[in-house]
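Student: Dropping a structure here in structure tokens format, bear with me for questions.
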Amino acid sequence: MKISKKWWKGAIIPVTVLLLWQLASFTGAADPKLFPAPSSIFGDFYSMLLSGELYYHIRISIVRAALGFLLGGSLGLLIGLLVGMYVKVEEFVDPTVQMLRTVPLLAITPLFILWFGFGELSKVLLIAMGAFFPLYLNTFLGVRNVDKKLYDVARVLEFSRFKQITKLMLPGALPNILLGLRLSLSVAWLCLVVAELMGADSGVGFLIQDARSYVRTGAVFVGIFIFAAVGKLADSVVRLLERKWLRWQDNYRG
């Protein structure tokens, strides 16, 4: 019941914007070429759904984003744990990671295309690079933010290294790891847009680019709404995991 109530409250602003947008289109205040009415956009969405075009592009985009996120996110989690656990690893690895983190992805994209071509590999690697840094940083910070006294207690209780990681380190770092997961998912989705707009023959980004070329403004908005909806869905799944796995936290909730 609470989730349903929150959902309705969260929908108030988008629904209000859509109603005002529809009203502006109906009265002629909005140029239909630049801002087609929401009802017209829904008609484009429905026709693209019936033709199978939308499903085809969404499926390809989700597979690309998932592969890139799994690759970059898993590396970010693993290296973040190692750097957080061992100071010597931090001294060798962290300066290089921090240097690479400041390089804009748009500057690297042409290099990825030169090295790996316009195929799937360059897109997946670009998404993986974007997904790596948020999980790396938050995992590293999460491990370092675990109370030192807990480690002292674990040594007194003679916990093995594996037990320290599974029973102390990961649970203590979990809030930061889940935050990193949320950020990593959103960055991976943004990098997908960049990858598909720079050079692709399929995917939602290509759909937007192709629709722009043929001045199909409604289809452009459909693509944008798809990106927004899938991104919000992924974020909501992680928030559900946060509520389930972090029940033990006694934090201020507003």
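In the structure tokens, each chain is lettered A, B, ... as it comes, each chain's residues begin at 1, and ligands are numbered from 1 in order of appearance.
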Please identify all polymer residues within 9 Å of Gly205 in chain A, counting only C-alpha atoms, omitting same-chain residues fewer than 3 positions from it, and present them as a PDB file with C-alpha atoms, in the first residue's frame.

Tutor:
ATOM      1  CA  HIS A  57      15.779  -1.773 -30.729  1.00  0.00           C
ATOM      2  CA  SER A  61      20.093  -1.711 -26.225  1.00  0.00           C
ATOM      3  CA  LEU A 192      24.855   3.459 -24.074  1.00  0.00           C
ATOM      4  CA  VAL A 193      23.253   6.603 -25.509  1.00  0.00           C
ATOM      5  CA  VAL A 194      26.678   8.011 -26.427  1.00  0.00           C
ATOM      6  CA  ALA A 195      27.786   4.701 -27.970  1.00  0.00           C
ATOM      7  CA  GLU A 196      24.647   4.332 -30.081  1.00  0.00           C
ATOM      8  CA  LEU A 197      24.550   7.952 -31.200  1.00  0.00           C
ATOM      9  CA  MET A 198      28.200   7.901 -32.283  1.00  0.00           C
ATOM     10  CA  ALA A 200      25.263   2.120 -34.626  1.00  0.00           C
ATOM     11  CA  SER A 202      20.398  -0.644 -34.186  1.00  0.00           C
ATOM     12  CA  ILE A 208      16.545   8.504 -32.108  1.00  0.00           C
ATOM     13  CA  GLN A 209      19.283   9.446 -34.572  1.00  0.00           C
ATOM     14  CA  ASP A 210      17.403   7.924 -37.508  1.00  0.00           C
ATOM     15  CA  GLY A 223      13.181   6.986 -27.744  1.00  0.00           C
ATOM     16  CA  ILE A 224      13.814   9.540 -25.003  1.00  0.00           C
ATOM     17  CA  PHE A 227      15.586   5.667 -22.034  1.00  0.00           C
TER      18      PHE A 227
END

Student: How many Å lie between CA of Leu240 in chain A and CA of Leu183 in chain A, rounded to one decimal?

Tutor: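 Rounded to one decimal, the two atoms are 14.9 Å apart.
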
Student: For Lys232 in chain A, list every protein, DNA or RNA residue within 12 Å, evaluated using only C-alpha atoms, and leave out those in the same chain fewer than 5 positions away; present the list as number ranges by chain.

Tutor: A: 10, 182-183, 185-186, 189, 225-227, 237-239

Student: Check range 30-88 of chain A with DSSP on the backbone and list each residue it calls alpha helix (DSSP H), as a short mmCIF file (atom, residue, chain, number, x, y, z; two decimals) with N, CA and C atoms, in the first residue's frame.

Tutor:
data_model
loop_
_atom_site.label_atom_id
_atom_site.label_comp_id
_atom_site.auth_asym_id
_atom_site.auth_seq_id
_atom_site.Cartn_x
_atom_site.Cartn_y
_atom_site.Cartn_z
N PRO A 38 1.40 14.84 -26.62
CA PRO A 38 1.61 13.52 -26.01
C PRO A 38 0.74 12.43 -26.61
N SER A 39 -0.50 12.79 -27.01
CA SER A 39 -1.39 11.80 -27.63
C SER A 39 -0.82 11.33 -28.97
N SER A 40 -0.18 12.27 -29.71
CA SER A 40 0.45 11.91 -30.99
C SER A 40 1.67 11.02 -30.75
N ILE A 41 2.44 11.35 -29.71
CA ILE A 41 3.63 10.55 -29.37
C ILE A 41 3.21 9.14 -28.96
N PHE A 42 2.12 9.05 -28.20
CA PHE A 42 1.61 7.73 -27.80
C PHE A 42 1.17 6.94 -29.03
N GLY A 43 0.60 7.63 -30.02
CA GLY A 43 0.21 6.96 -31.26
C GLY A 43 1.43 6.41 -32.00
N ASP A 44 2.53 7.20 -32.03
CA ASP A 44 3.78 6.71 -32.64
C ASP A 44 4.32 5.50 -31.87
N PHE A 45 4.27 5.60 -30.55
CA PHE A 45 4.74 4.49 -29.70
C PHE A 45 3.94 3.21 -29.99
N TYR A 46 2.64 3.36 -30.10
CA TYR A 46 1.78 2.19 -30.34
C TYR A 46 2.05 1.56 -31.70
N SER A 47 2.22 2.40 -32.72
CA SER A 47 2.47 1.87 -34.07
C SER A 47 3.85 1.21 -34.15
N MET A 48 4.85 1.78 -33.46
CA MET A 48 6.18 1.18 -33.44
C MET A 48 6.20 -0.12 -32.65
N LEU A 49 5.34 -0.18 -31.64
CA LEU A 49 5.23 -1.40 -30.84
C LEU A 49 4.59 -2.51 -31.67
N LEU A 50 3.53 -2.17 -32.40
CA LEU A 50 2.83 -3.16 -33.23
C LEU A 50 3.73 -3.69 -34.35
N SER A 51 4.54 -2.81 -34.92
CA SER A 51 5.41 -3.22 -36.03
C SER A 51 6.59 -4.08 -35.57
N GLU A 53 9.29 -2.84 -34.35
CA GLU A 53 10.49 -2.01 -34.45
C GLU A 53 11.02 -1.63 -33.08
N LEU A 54 10.11 -1.23 -32.19
CA LEU A 54 10.52 -0.76 -30.87
C LEU A 54 11.12 -1.91 -30.04
N TYR A 55 10.46 -3.05 -30.07
CA TYR A 55 10.95 -4.21 -29.31
C TYR A 55 12.35 -4.60 -29.77
N TYR A 56 12.57 -4.58 -31.07
CA TYR A 56 13.87 -4.95 -31.64
C TYR A 56 14.98 -4.04 -31.12
N HIS A 57 14.75 -2.72 -31.16
CA HIS A 57 15.78 -1.77 -30.73
C HIS A 57 15.98 -1.80 -29.21
N ILE A 58 14.90 -1.94 -28.45
CA ILE A 58 15.02 -1.99 -26.98
C ILE A 58 15.81 -3.23 -26.56
N ARG A 59 15.52 -4.36 -27.19
CA ARG A 59 16.22 -5.62 -26.83
C ARG A 59 17.72 -5.48 -27.05
N ILE A 60 18.10 -4.90 -28.18
CA ILE A 60 19.53 -4.75 -28.49
C ILE A 60 20.20 -3.79 -27.49
N SER A 61 19.53 -2.68 -27.17
CA SER A 61 20.09 -1.71 -26.23
C SER A 61 20.26 -2.31 -24.83
N ILE A 62 19.26 -3.08 -24.39
CA ILE A 62 19.34 -3.67 -23.05
C ILE A 62 20.47 -4.70 -22.98
N VAL A 63 20.64 -5.49 -24.04
CA VAL A 63 21.73 -6.48 -24.06
C VAL A 63 23.08 -5.77 -24.00
N ARG A 64 23.24 -4.69 -24.79
CA ARG A 64 24.49 -3.93 -24.78
C ARG A 64 24.78 -3.35 -23.38
N ALA A 65 23.75 -2.71 -22.81
CA ALA A 65 23.93 -2.09 -21.49
C ALA A 65 24.24 -3.14 -20.43
N ALA A 66 23.56 -4.29 -20.50
CA ALA A 66 23.76 -5.34 -19.50
C ALA A 66 25.17 -5.92 -19.58
N LEU A 67 25.64 -6.18 -20.81
CA LEU A 67 27.00 -6.73 -20.98
C LEU A 67 28.06 -5.75 -20.48
N GLY A 68 27.90 -4.48 -20.87
CA GLY A 68 28.86 -3.46 -20.43
C GLY A 68 28.84 -3.27 -18.93
N PHE A 69 27.62 -3.26 -18.35
CA PHE A 69 27.51 -3.08 -16.90
C PHE A 69 28.10 -4.27 -16.15
N LEU A 70 27.82 -5.49 -16.61
CA LEU A 70 28.36 -6.67 -15.93
C LEU A 70 29.88 -6.68 -15.97
N LEU A 71 30.45 -6.32 -17.11
CA LEU A 71 31.90 -6.29 -17.23
C LEU A 71 32.51 -5.19 -16.37
N GLY A 72 32.06 -3.96 -16.56
CA GLY A 72 32.64 -2.83 -15.82
C GLY A 72 32.30 -2.86 -14.35
N GLY A 73 31.03 -3.21 -14.04
CA GLY A 73 30.61 -3.23 -12.63
C GLY A 73 31.32 -4.29 -11.82
N SER A 74 31.48 -5.49 -12.38
CA SER A 74 32.15 -6.57 -11.65
C SER A 74 33.62 -6.23 -11.42
N LEU A 75 34.29 -5.63 -12.43
CA LEU A 75 35.68 -5.21 -12.26
C LEU A 75 35.79 -4.09 -11.22
N GLY A 76 34.84 -3.16 -11.26
CA GLY A 76 34.84 -2.06 -10.28
C GLY A 76 34.66 -2.57 -8.86
N LEU A 77 33.76 -3.54 -8.69
CA LEU A 77 33.53 -4.13 -7.36
C LEU A 77 34.77 -4.87 -6.87
N LEU A 78 35.34 -5.70 -7.73
CA LEU A 78 36.50 -6.51 -7.35
C LEU A 78 37.72 -5.64 -7.03
N ILE A 79 38.04 -4.71 -7.93
CA ILE A 79 39.22 -3.85 -7.71
C ILE A 79 38.98 -2.90 -6.54
N GLY A 80 37.75 -2.43 -6.38
CA GLY A 80 37.42 -1.57 -5.23
C GLY A 80 37.63 -2.29 -3.91
N LEU A 81 37.25 -3.57 -3.85
CA LEU A 81 37.47 -4.37 -2.64
C LEU A 81 38.96 -4.55 -2.37
N LEU A 82 39.73 -4.87 -3.41
CA LEU A 82 41.17 -5.10 -3.24
C LEU A 82 41.88 -3.82 -2.80
N VAL A 83 41.53 -2.70 -3.43
CA VAL A 83 42.16 -1.43 -3.08
C VAL A 83 41.77 -1.00 -1.66
N GLY A 84 40.50 -1.25 -1.30
CA GLY A 84 40.05 -0.91 0.05
C GLY A 84 40.69 -1.78 1.12
N MET A 85 40.96 -3.03 0.81
CA MET A 85 41.50 -3.97 1.79
C MET A 85 43.01 -3.83 1.97
N VAL A 87 46.48 -1.52 1.47
CA VAL A 87 47.07 -0.20 1.22
C VAL A 87 48.09 -0.26 0.09
N LYS A 88 48.85 -1.34 0.01
CA LYS A 88 49.87 -1.47 -1.04
C LYS A 88 49.23 -1.51 -2.43
#

Student: Using only C-alpha atoms for the distances, tell me which of A:Trp21, A:Phe26, A:Tyr86, A:Phe35 is nearest to Ala219 in chain A.

Tutor: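 When distances to Ala219 in chain A are compared using only C-alpha atoms, the smallest one comes from A:Phe35.
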
Student: Would you mind listing what lies within 12 Å of Met169 in chain A as a PyMOL selection string, with only C-alpha atoms counted and same-chain residues fewer than 2 positions away left out?

Tutor: chain A and resi 81-82+84-85+139-148+150-151+154+159+161-167+171-177

Student: Which residue out of A:Leu106, A:Ile13, A:Leu168, A:Leu114 has the minimum interatomic distance to Val153 in chain A when only C-alpha atoms are used?

Tutor: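 Among A:Leu106, A:Ile13, A:Leu168, A:Leu114, it is A:Leu168 that comes nearest to Val153 in chain A.
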
Student: Just how far from CA of Ser122 in chain A is CA of Cys191 in chain A, in Å to one decimal?

Tutor: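 Answer for the CA of Cys191 in chain A to CA of Ser122 in chain A separation: 11.4 Å.
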
Student: Which value, in Å to one decimal, gives the distance between CA of Leu19 in chain A and CA of Leu190 in chain A?

Tutor: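 That distance, rounded to one decimal, is 27.5 Å.
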
Student: Between A:Val222, A:Gly180, A:Trp7, A:Leu125, which has the minimum distance to Ser236 in chain A (counting only C-alpha atoms)?

Tutor: A:Trp7
